[in-house]
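Q: Got a structure for you, coords-v7.csv, holding CSV, C-alpha atoms.
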```csv
chain,number,residue,atom,x,y,z
O,10,MET,CA,61.5,25.4,6.0
O,11,SER,CA,58.8,28.1,5.5
O,12,SER,CA,56.6,28.9,8.4
O,13,GLN,CA,53.9,30.2,6.1
O,14,VAL,CA,50.8,28.0,5.3
O,15,PRO,CA,50.7,27.6,1.5
O,16,PRO,CA,47.9,30.0,0.4
O,17,GLY,CA,46.3,27.6,-2.0
O,18,ALA,CA,46.0,24.9,0.6
O,19,SER,CA,44.6,27.3,3.1
O,20,ALA,CA,42.0,28.7,0.7
O,21,ALA,CA,40.9,25.2,-0.3
O,22,VAL,CA,40.5,24.0,3.3
O,23,LEU,CA,39.2,27.2,4.9
O,24,LYS,CA,36.7,28.1,2.1
O,25,PRO,CA,34.1,30.5,3.6
O,26,SER,CA,30.5,29.5,3.5
O,27,ASP,CA,27.5,31.5,2.1
O,28,ALA,CA,25.1,32.7,4.7
O,29,VAL,CA,22.7,30.0,5.8
O,30,HIS,CA,19.0,30.8,5.0
O,31,ASP,CA,16.8,31.8,7.8
O,32,THR,CA,14.4,28.9,7.0
O,33,ALA,CA,17.1,26.2,7.2
O,34,VAL,CA,16.4,23.5,9.7
O,35,SER,CA,19.3,22.2,11.9
O,36,VAL,CA,19.9,18.5,12.5
O,37,HIS,CA,18.8,17.4,15.9
O,38,GLY,CA,18.0,14.0,17.3
O,39,PRO,CA,15.6,12.9,20.1
O,40,ASP,CA,16.5,13.7,23.7
O,41,PHE,CA,16.1,10.6,25.8
O,42,GLU,CA,16.9,12.6,28.9
O,43,LYS,CA,13.2,13.4,28.6
O,44,ASN,CA,10.4,10.9,29.0
O,45,LEU,CA,9.4,10.9,25.3
O,46,SER,CA,6.0,9.6,24.2
O,47,LEU,CA,5.8,7.7,20.9
O,48,GLN,CA,4.4,10.8,19.2
O,49,GLU,CA,7.2,12.9,20.5
O,50,LEU,CA,9.8,10.4,19.3
O,51,LEU,CA,8.2,10.2,15.8
O,52,SER,CA,8.0,14.0,15.6
O,53,SER,CA,11.8,14.1,16.1
O,54,TYR,CA,12.4,12.0,12.9
O,55,GLU,CA,12.0,15.1,10.7
O,56,ARG,CA,15.3,16.5,12.1
O,57,ILE,CA,17.4,13.3,12.3
O,58,GLY,CA,18.3,13.1,8.6
O,59,PHE,CA,18.6,10.3,6.1
O,60,GLN,CA,15.6,8.0,5.9
O,61,ALA,CA,14.3,9.1,9.3
O,62,ASN,CA,13.9,12.5,7.7
O,63,SER,CA,12.0,10.9,4.8
O,64,LEU,CA,9.7,9.0,7.2
O,65,GLY,CA,9.1,12.3,9.1
O,66,LYS,CA,8.1,13.9,5.8
O,67,ALA,CA,5.8,10.9,4.9
O,68,ILE,CA,4.1,11.4,8.3
O,69,ASP,CA,3.5,15.1,7.5
O,70,ILE,CA,2.1,14.3,4.0
O,71,VAL,CA,-0.2,11.6,5.2
O,72,ASN,CA,-1.5,13.9,7.9
O,73,ARG,CA,-2.2,16.5,5.2
O,74,MET,CA,-4.1,13.8,3.2
O,75,ARG,CA,-6.3,12.8,6.1
O,76,THR,CA,-7.1,16.2,7.4
O,77,TRP,CA,-7.8,18.0,4.1
O,78,ARG,CA,-11.4,19.1,3.4
O,79,LEU,CA,-12.8,20.9,0.4
O,80,SER,CA,-13.8,23.7,2.7
O,81,ASP,CA,-10.1,24.4,3.0
O,82,GLU,CA,-10.1,25.7,-0.6
O,83,PRO,CA,-11.9,28.8,-2.1
O,84,ILE,CA,-14.9,28.0,-4.3
O,85,SER,CA,-13.6,28.0,-7.9
O,86,PRO,CA,-15.6,29.9,-10.6
O,87,ASP,CA,-16.4,26.7,-12.4
O,88,GLU,CA,-17.4,24.7,-9.3
O,89,SER,CA,-20.3,22.3,-9.6
O,90,ASP,CA,-23.5,23.3,-7.7
O,91,ASN,CA,-23.1,20.0,-5.8
O,92,TYR,CA,-20.0,21.4,-4.1
O,93,THR,CA,-21.0,24.9,-3.2
O,94,ASN,CA,-22.9,24.0,-0.1
O,95,PRO,CA,-20.6,24.7,3.0
O,96,GLU,CA,-21.7,21.5,4.7
O,97,VAL,CA,-20.9,19.4,1.7
O,98,ARG,CA,-17.5,21.1,1.3
O,99,ALA,CA,-16.7,20.4,4.9
O,100,GLN,CA,-17.5,16.7,4.5
O,101,THR,CA,-15.6,16.2,1.2
O,102,ARG,CA,-12.3,14.6,1.9
O,103,CYS,CA,-9.1,13.6,0.1
O,104,ASN,CA,-9.6,10.2,-1.4
O,105,ILE,CA,-6.7,8.0,-0.3
O,106,PHE,CA,-5.6,5.1,-2.6
O,107,LEU,CA,-3.6,2.4,-0.7
O,108,GLY,CA,-1.5,0.0,-2.7
O,109,TYR,CA,0.5,-2.9,-1.2
O,110,THR,CA,2.2,-6.2,-2.3
O,111,SER,CA,1.0,-9.6,-1.3
O,112,ASN,CA,3.8,-10.3,1.2
O,113,LEU,CA,2.6,-7.5,3.5
O,114,ILE,CA,-0.8,-9.3,4.0
O,115,SER,CA,1.2,-12.4,4.8
O,116,SER,CA,3.1,-10.4,7.4
O,117,GLY,CA,1.6,-8.7,10.5
O,118,LEU,CA,1.0,-5.6,8.5
O,119,ARG,CA,-2.3,-7.3,7.6
O,120,GLU,CA,-3.7,-6.2,11.0
O,121,ILE,CA,-2.7,-2.6,10.3
O,122,ILE,CA,-4.3,-2.6,6.9
O,123,LEU,CA,-7.4,-4.1,8.5
O,124,TYR,CA,-7.5,-1.2,11.0
O,125,LEU,CA,-7.4,1.3,8.1
O,126,VAL,CA,-10.2,-0.4,6.2
O,127,LYS,CA,-12.3,-1.1,9.3
O,128,HIS,CA,-12.2,2.6,10.3
O,129,LYS,CA,-12.7,3.8,6.7
O,130,ARG,CA,-9.3,5.6,6.6
O,131,VAL,CA,-8.8,4.7,2.9
O,132,SER,CA,-11.0,5.1,-0.2
O,133,ALA,CA,-9.7,2.3,-2.4
O,134,ILE,CA,-7.2,-0.5,-2.4
O,135,VAL,CA,-5.0,-2.0,-5.2
O,136,THR,CA,-3.1,-5.2,-4.5
O,137,THR,CA,-2.0,-8.4,-6.1
O,138,ALA,CA,-3.6,-11.9,-6.0
O,139,GLY,CA,-1.6,-12.9,-3.0
O,140,GLY,CA,-2.7,-9.8,-1.2
O,141,ILE,CA,-6.2,-11.1,-1.6
O,142,GLU,CA,-6.0,-14.8,-1.0
O,143,GLU,CA,-3.5,-14.7,1.9
O,144,ASP,CA,-6.1,-12.6,3.9
O,145,PHE,CA,-8.7,-15.3,3.4
O,146,ILE,CA,-6.2,-18.1,4.0
O,147,LYS,CA,-5.3,-16.6,7.3
O,148,CYS,CA,-8.9,-16.9,8.4
O,149,LEU,CA,-8.7,-20.6,7.7
O,150,GLY,CA,-5.2,-21.4,9.1
O,151,LYS,CA,-2.2,-19.7,10.7
O,152,THR,CA,0.9,-18.3,9.2
O,153,TYR,CA,4.0,-18.9,11.3
O,154,LEU,CA,7.3,-17.1,12.0
O,155,ALA,CA,10.4,-19.1,10.7
O,156,ASP,CA,13.8,-18.2,9.1
O,157,PHE,CA,15.1,-16.8,5.8
O,158,ASN,CA,17.7,-19.6,5.6
O,159,MET,CA,15.5,-22.7,5.7
O,160,ASP,CA,16.2,-25.3,3.1
O,161,GLY,CA,13.6,-25.1,0.3
O,162,ALA,CA,13.8,-28.7,-0.8
O,163,ASP,CA,13.2,-29.9,2.7
O,164,LEU,CA,10.3,-27.6,3.1
O,165,ARG,CA,8.8,-28.8,-0.1
O,166,LYS,CA,9.0,-32.4,1.1
O,167,ARG,CA,7.1,-31.4,4.3
O,168,GLY,CA,4.5,-29.3,2.5
O,169,MET,CA,5.6,-26.0,4.0
O,170,ASN,CA,5.7,-22.9,1.9
O,171,ARG,CA,8.1,-20.1,2.8
O,172,ILE,CA,7.4,-16.4,2.4
O,173,GLY,CA,10.7,-14.7,3.5
O,174,ASN,CA,11.0,-15.7,7.1
O,175,LEU,CA,7.3,-16.9,7.4
O,176,ILE,CA,5.9,-20.3,6.8
O,177,VAL,CA,2.4,-21.2,5.5
O,178,PRO,CA,1.5,-24.9,5.7
O,179,ASN,CA,0.2,-26.2,2.4
O,180,ASP,CA,-2.8,-27.6,4.1
O,181,ASN,CA,-4.0,-23.9,4.4
O,182,TYR,CA,-4.3,-23.8,0.6
O,183,CYS,CA,-6.2,-27.0,0.6
O,184,LYS,CA,-8.6,-25.5,3.1
O,185,PHE,CA,-8.8,-22.4,0.9
O,186,GLU,CA,-9.9,-24.6,-2.1
O,187,ASP,CA,-12.5,-26.4,0.0
O,188,TRP,CA,-13.9,-23.0,1.0
O,189,LEU,CA,-13.6,-21.3,-2.4
O,190,VAL,CA,-14.9,-23.8,-4.9
O,191,PRO,CA,-18.6,-23.8,-3.7
O,192,ILE,CA,-18.5,-20.0,-3.8
O,193,LEU,CA,-17.3,-20.2,-7.4
O,194,ASP,CA,-20.1,-22.6,-8.3
O,195,THR,CA,-22.7,-20.2,-6.8
O,196,MET,CA,-21.1,-17.2,-8.6
O,197,LEU,CA,-21.2,-19.0,-11.9
O,198,ALA,CA,-24.9,-19.9,-11.4
O,199,GLU,CA,-25.7,-16.3,-10.6
O,200,GLN,CA,-23.8,-15.1,-13.6
O,201,ASN,CA,-25.7,-17.5,-15.9
O,202,SER,CA,-29.1,-16.5,-14.4
O,203,SER,CA,-28.5,-12.7,-14.4
O,204,GLY,CA,-26.3,-12.3,-17.4
O,205,ASN,CA,-24.0,-10.1,-15.4
O,206,VAL,CA,-20.3,-11.0,-15.4
O,207,TRP,CA,-18.0,-10.4,-12.5
O,208,THR,CA,-15.1,-7.9,-12.2
O,209,PRO,CA,-12.1,-8.5,-9.9
O,210,SER,CA,-13.5,-6.0,-7.4
O,211,SER,CA,-17.0,-7.5,-7.3
O,212,PHE,CA,-15.3,-11.0,-7.1
O,213,ILE,CA,-13.3,-9.8,-4.0
O,214,ARG,CA,-16.3,-8.1,-2.5
O,215,ARG,CA,-18.3,-11.3,-2.7
O,216,LEU,CA,-15.5,-13.3,-1.0
O,217,GLY,CA,-15.4,-10.6,1.7
O,218,LYS,CA,-19.1,-11.2,2.3
O,219,GLU,CA,-18.7,-14.9,2.3
O,220,ILE,CA,-15.8,-15.1,4.7
O,221,ASP,CA,-18.0,-13.3,7.3
O,222,ASN,CA,-15.0,-12.9,9.6
O,223,GLU,CA,-14.0,-9.7,11.4
O,224,GLU,CA,-10.3,-10.8,11.2
O,225,SER,CA,-10.4,-10.3,7.4
O,226,VAL,CA,-9.4,-7.1,5.6
O,227,TYR,CA,-11.8,-7.8,2.8
O,228,TYR,CA,-14.7,-8.5,5.1
O,229,TRP,CA,-14.4,-4.9,6.3
O,230,ALA,CA,-13.9,-3.7,2.8
O,231,TYR,CA,-17.2,-5.4,2.0
O,232,LYS,CA,-18.9,-3.9,5.1
O,233,ASN,CA,-17.7,-0.4,4.4
O,234,ASP,CA,-18.1,-0.5,0.6
O,235,ILE,CA,-14.4,0.2,0.0
O,236,PRO,CA,-13.5,-1.1,-3.5
O,237,VAL,CA,-10.5,-3.5,-3.8
O,238,PHE,CA,-8.9,-3.7,-7.2
O,239,CYS,CA,-6.7,-6.5,-8.3
O,240,PRO,CA,-5.7,-6.4,-12.0
O,241,ALA,CA,-3.6,-9.6,-11.6
O,242,LEU,CA,-6.3,-11.6,-9.8
O,243,THR,CA,-5.2,-14.9,-11.3
O,244,ASP,CA,-1.5,-14.6,-10.4
O,245,GLY,CA,-1.6,-16.9,-7.3
O,246,SER,CA,-3.7,-19.5,-5.6
O,247,LEU,CA,-6.9,-17.8,-6.7
O,248,GLY,CA,-5.7,-18.3,-10.3
O,249,ASP,CA,-5.0,-22.0,-9.5
O,250,MET,CA,-8.5,-22.4,-8.1
O,251,ILE,CA,-10.2,-20.6,-11.1
O,252,TYR,CA,-8.1,-22.7,-13.4
O,253,PHE,CA,-9.2,-26.0,-11.8
O,254,HIS,CA,-12.8,-24.7,-11.7
O,255,SER,CA,-12.7,-23.9,-15.4
O,256,PHE,CA,-12.4,-27.7,-16.1
O,257,ARG,CA,-15.1,-28.8,-13.7
O,258,SER,CA,-17.6,-26.0,-14.4
O,259,PRO,CA,-16.5,-23.8,-17.3
O,260,GLY,CA,-17.9,-20.3,-18.0
O,261,LEU,CA,-17.0,-18.0,-15.1
O,262,ILE,CA,-16.1,-14.6,-16.5
O,263,VAL,CA,-14.0,-12.0,-14.6
O,264,ASP,CA,-13.9,-8.7,-16.6
O,265,ILE,CA,-11.0,-6.4,-16.0
O,266,VAL,CA,-12.5,-3.6,-18.2
O,267,GLY,CA,-15.2,-2.8,-15.6
O,268,ASP,CA,-12.6,-2.3,-12.9
O,269,ILE,CA,-10.3,-0.1,-14.9
O,270,ARG,CA,-13.2,2.2,-15.6
O,271,ALA,CA,-14.3,2.2,-11.9
O,272,LEU,CA,-10.8,2.9,-10.6
O,273,ASN,CA,-10.1,5.6,-13.1
O,274,GLU,CA,-13.4,7.3,-12.5
O,275,LEU,CA,-12.9,7.2,-8.7
O,276,SER,CA,-9.6,9.0,-9.4
O,277,ARG,CA,-11.0,11.5,-11.9
O,278,LYS,CA,-13.9,12.5,-9.6
O,279,SER,CA,-11.7,13.0,-6.5
O,280,LYS,CA,-11.5,16.6,-5.4
O,281,LYS,CA,-8.1,15.7,-3.8
O,282,ALA,CA,-6.3,12.4,-4.2
O,283,GLY,CA,-3.4,10.8,-2.3
O,284,MET,CA,-1.4,7.7,-2.9
O,285,ILE,CA,0.2,5.5,-0.2
O,286,ILE,CA,2.2,2.8,-1.9
O,287,LEU,CA,3.9,-0.1,-0.1
O,288,GLY,CA,6.2,-1.8,-2.5
O,289,GLY,CA,6.2,-1.7,-6.3
O,290,GLY,CA,4.9,-3.5,-9.4
O,291,VAL,CA,1.2,-3.7,-10.2
O,292,CYS,CA,-0.1,-2.2,-7.0
O,293,LYS,CA,2.1,0.9,-7.5
O,294,HIS,CA,1.6,1.5,-11.2
O,295,GLN,CA,-2.1,0.8,-11.4
O,296,ILE,CA,-2.8,3.5,-8.8
O,297,ALA,CA,-0.3,5.9,-10.4
O,298,ASN,CA,-1.8,5.4,-13.8
O,299,ALA,CA,-5.3,6.1,-12.5
O,300,MET,CA,-3.9,9.4,-11.1
O,301,LEU,CA,-2.9,10.3,-14.7
O,302,ILE,CA,-6.7,10.6,-15.5
O,303,ARG,CA,-6.9,13.6,-13.2
O,304,ASN,CA,-3.5,15.0,-14.2
O,305,GLY,CA,-1.7,13.6,-11.1
O,306,ALA,CA,-2.0,12.9,-7.4
O,307,ASP,CA,-1.9,15.7,-4.9
O,308,TYR,CA,-0.1,13.7,-2.3
O,309,SER,CA,2.2,10.7,-2.7
O,310,VAL,CA,4.1,8.5,-0.2
O,311,TYR,CA,6.1,5.6,-1.5
O,312,ILE,CA,7.7,3.0,0.9
O,313,VAL,CA,10.1,0.6,-0.8
O,314,GLY,CA,12.7,-1.9,0.4
O,315,ILE,CA,16.4,-1.5,0.1
O,316,LEU,CA,18.2,-3.4,-2.7
O,317,PRO,CA,21.1,-5.6,-1.5
O,318,SER,CA,24.2,-5.5,-3.6
O,319,PRO,CA,25.4,-8.6,-5.5
O,320,SER,CA,27.9,-9.2,-2.7
O,321,SER,CA,25.5,-8.5,0.1
O,322,THR,CA,25.2,-10.9,3.1
O,323,LEU,CA,21.6,-9.8,3.5
O,324,LEU,CA,20.5,-12.7,1.3
O,325,PRO,CA,21.6,-16.3,1.4
O,326,ALA,CA,24.7,-17.1,-0.8
O,327,ASP,CA,22.6,-19.1,-3.3
O,328,ASN,CA,19.9,-16.4,-3.6
O,329,LYS,CA,21.5,-13.1,-4.5
O,330,MET,CA,18.5,-11.8,-6.4
O,331,GLN,CA,17.3,-8.3,-7.0
O,332,ASN,CA,14.2,-8.1,-4.9
O,333,THR,CA,13.4,-4.4,-5.2
O,334,GLY,CA,13.7,-2.0,-8.2
O,335,GLN,CA,16.0,1.0,-8.0
O,336,GLU,CA,15.9,4.2,-10.0
O,337,PHE,CA,19.0,3.3,-12.0
O,338,ASP,CA,17.4,0.1,-13.5
O,339,GLY,CA,14.6,2.0,-15.2
O,340,SER,CA,11.8,0.0,-13.6
O,341,ASP,CA,8.6,1.6,-12.5
O,342,SER,CA,9.0,-0.1,-9.1
O,343,GLY,CA,12.3,1.8,-8.6
O,344,ALA,CA,11.2,5.2,-9.9
O,345,ARG,CA,11.3,8.2,-7.7
O,346,PRO,CA,8.2,10.4,-7.4
O,347,ASP,CA,9.7,13.0,-9.8
O,348,GLU,CA,9.6,10.5,-12.6
O,349,ALA,CA,5.9,10.1,-12.0
O,350,VAL,CA,5.6,13.9,-12.3
O,351,SER,CA,7.0,13.7,-15.8
O,352,TRP,CA,4.2,11.3,-16.8
O,353,GLY,CA,1.5,13.4,-15.1
O,354,LYS,CA,0.9,10.8,-12.5
O,355,ILE,CA,1.9,13.1,-9.7
O,356,ARG,CA,1.1,16.8,-10.1
O,357,ALA,CA,3.9,19.3,-10.5
O,358,GLY,CA,4.4,20.9,-7.1
O,359,ALA,CA,2.6,18.1,-5.2
O,360,GLU,CA,3.9,16.9,-1.9
O,361,SER,CA,5.6,13.6,-2.3
O,362,VAL,CA,8.3,11.4,-0.7
O,363,LYS,CA,9.9,8.0,-1.2
O,364,VAL,CA,11.1,6.2,2.0
O,365,TYR,CA,13.7,3.6,1.4
O,366,ALA,CA,13.0,1.1,4.2
O,367,ASP,CA,11.3,-2.2,4.9
O,368,ALA,CA,7.5,-1.5,5.1
O,369,THR,CA,7.2,-3.8,8.1
O,370,LEU,CA,9.6,-1.5,10.0
O,371,VAL,CA,8.2,1.9,9.1
O,372,PHE,CA,4.5,1.5,8.1
O,373,PRO,CA,3.4,0.8,11.7
O,374,LEU,CA,5.2,4.0,12.8
O,375,LEU,CA,3.6,5.9,10.0
O,376,VAL,CA,0.1,4.7,10.9
O,377,ALA,CA,0.7,5.3,14.6
O,378,ALA,CA,1.6,8.9,13.9
O,379,THR,CA,-1.3,9.6,11.5
O,380,PHE,CA,-4.4,7.4,11.1
O,381,ALA,CA,-4.3,6.0,14.6
O,382,GLN,CA,-4.5,9.5,16.2
O,383,LYS,CA,-7.9,10.2,17.5
O,384,SER,CA,-8.0,13.9,16.6
```
Give the structure from this file in structure tokens form.

A:
Amino acid sequence: MSSQVPPGASAAVLKPSDAVHDTAVSVHGPDFEKNLSLQELLSSYERIGFQANSLGKAIDIVNRMRTWRLSDEPISPDESDNYTNPEVRAQTRCNIFLGYTSNLISSGLREIILYLVKHKRVSAIVTTAGGIEEDFIKCLGKTYLADFNMDGADLRKRGMNRIGNLIVPNDNYCKFEDWLVPILDTMLAEQNSSGNVWTPSSFIRRLGKEIDNEESVYYWAYKNDIPVFCPALTDGSLGDMIYFHSFRSPGLIVDIVGDIRALNELSRKSKKAGMIILGGGVCKHQIANAMLIRNGADYSVYIVGILPSPSSTLLPADNKMQNTGQEFDGSDSGARPDEAVSWGKIRAGAESVKVYADATLVFPLLVAATFAQKS
């Protein structure tokens, strides 16, 4: 028997490496031998790898969004006279467009979104109908923790609506109708007397004024003049109420054209624009498409859930549905930032990241490391 290692095998296993570049970052996790603060722990994410690395990058990008000022940039030769004054430039910030799906307002992320709006950390919001109505409904009645595996037929008999592992008593929606219908009557009367129709954003602004409750996200959006866009305003309980109202008192008009102009113009006039998108669908693409008007966003952070496989035990056996798009299905919800670059919705060379994680897990950490910092 030969005592020599076969040269082909040796060469395959012991293949030499190229020199590692000086800028390469080594993998290193947090050191719990030290008494780490939350900020120190989150700072360590950038070197852990996998999705922790993506969250670390998201934190860095959001910090760049919130700290950017026009005074950071040299004055361009074609700059408007309005933006040559040093004080104006120092006060001109990146406009941050926040998008989220309705289930996140149903969850405890509502209070985090409220914090951002109350303290004027975002410039505009895009969400779905549920993302609007669930905020107001929570002012009228509680949403409760439950379980993903509760029997749907039994819940229906008891008038309990399940949102994942949350429960909303149907009485809350009855309270919502009682609160909303008189407002719709007043809005219709004002429309008829003034001749001015409503847009989804002016509709939401009015509801924020009427709720007059500091626990409401849209109360603070009203107070701080932050526009809230909802292209699919009728896709939920709001739509049900508008539908019923159209029989009793027909004529209320909600014009989506006014809002697409307002959203696109806000994007176009932004000196710097950033997207923070929680989830997919309408809230993601409406913002991304508005970014196209200015040839793309400068900063982009996507946070999307993870798709269980058809054999996954993450979902009940009778409910193996696809709940989040992935890149390979061709959906906009599943698309990576680079696909948006090809459409001009994110600028070439812009800073962007997609974090594959449940937003209820990582968005609180992202906000703690960015917007919640006092400096």

Q: Env of stretch 89-105 of chain O: 8 Å cut, atoms = only C-alpha atoms, seq-sep filter 4 positions within chain, self excluded. Answer as a list in words.

A: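 Residues near the query, excluding close chain neighbours: Met74, Arg75, Thr76, Trp77, Arg78, Leu79, Ser80, Asp81, Ile84, Arg130, Val131, Ser132, Ala133, Ser279, Lys280, Lys281, Ala282, Gly283, Met284 and Ile285 of chain O.
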
Q: Could you list, as a PyMOL selection string, every residue within 10 Å of O:Leu189, counting all atoms listed in the file and ignoring same-chain residues fewer than 4 positions away?

A: chain O and resi 145+183-185+193-194+216+219-220+247+250-251+254

Q: I'd like the neighbourhood of O:Leu123 as a ChimeraX atom specification, where a residue qualifies if any of its atoms comes within 8 Å (using only C-alpha atoms), though same-chain residues fewer than 6 positions away should be ignored.

A: /O:224-226,229

Q: Using only C-alpha atoms, which protein or nucleic acid residues come within 12 Å of stretch 376-384 of chain O? Drop anything in the same chain fewer than 6 positions from it, and give the result as JSON, numbers by chain.

A: {"O": [46, 47, 48, 49, 50, 51, 52, 53, 54, 64, 65, 66, 67, 68, 69, 70, 71, 72, 73, 74, 75, 76, 105, 118, 120, 121, 122, 123, 124, 125, 126, 127, 128, 129, 130, 131, 285, 368, 369, 370]}

Q: Mind checking which residues fall within 10 Å of O:Gly38, counting only C-alpha atoms, ignoring those fewer than 2 positions away in the same chain, and posting them as a VMD selection string?

A: chain O and resid 35 to 36 40 to 41 50 53 to 58

Q: Would you please work out which residue, of O:Glu142, O:Gln295, O:Lys278, O:Thr152, is nearest to O:Phe212 when using all atoms listed in the file?

A: O:Glu142

Q: Have a look at atom CA of O:Leu113 and atom CA of O:Lys147 and let me know their distance in Å, one decimal.

A: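 A separation of 12.6 Å between them.
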
Q: Would you list the residues near (-21.1, -15.1, -14.5) (no more than 9 Å away, in the coordinates of the file, using all atoms listed in the file) as a ChimeraX atom specification?

A: /O:196-207,260-263

Q: Can you measure atom CA of O:Ala155 to atom CA of O:Ile176 for me? One decimal in Å is fine.

A: 6.1 Å

Q: Using all atoms listed in the file, which residue out of O:Pro209, O:Gly108, O:Pro191, O:Gly314 lies closest to O:Arg257?

A: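 Between O:Pro209, O:Gly108, O:Pro191, O:Gly314, the residue approaching O:Arg257 most closely is O:Pro191.
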
Q: Using all atoms listed in the file, find the one residue out of O:Gly140, O:Pro86, O:Pro373, O:Pro15 that sits nearest to O:Thr243.

A: O:Gly140

Q: For atom CA of O:Ser63 and atom CA of O:Val364, quote the distance in Å rounded to one decimal.

A: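 These atoms are spaced 5.5 Å apart.
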
Q: Rank O:Ala162, O:Val310, O:Ile296, O:Val29 by their smallest atom-to-atom distance to O:Val237, using all atoms listed in the file, and report the top residue only.

A: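 Of O:Ala162, O:Val310, O:Ile296, O:Val29, the one nearest O:Val237, counting all atoms listed in the file, is O:Ile296.
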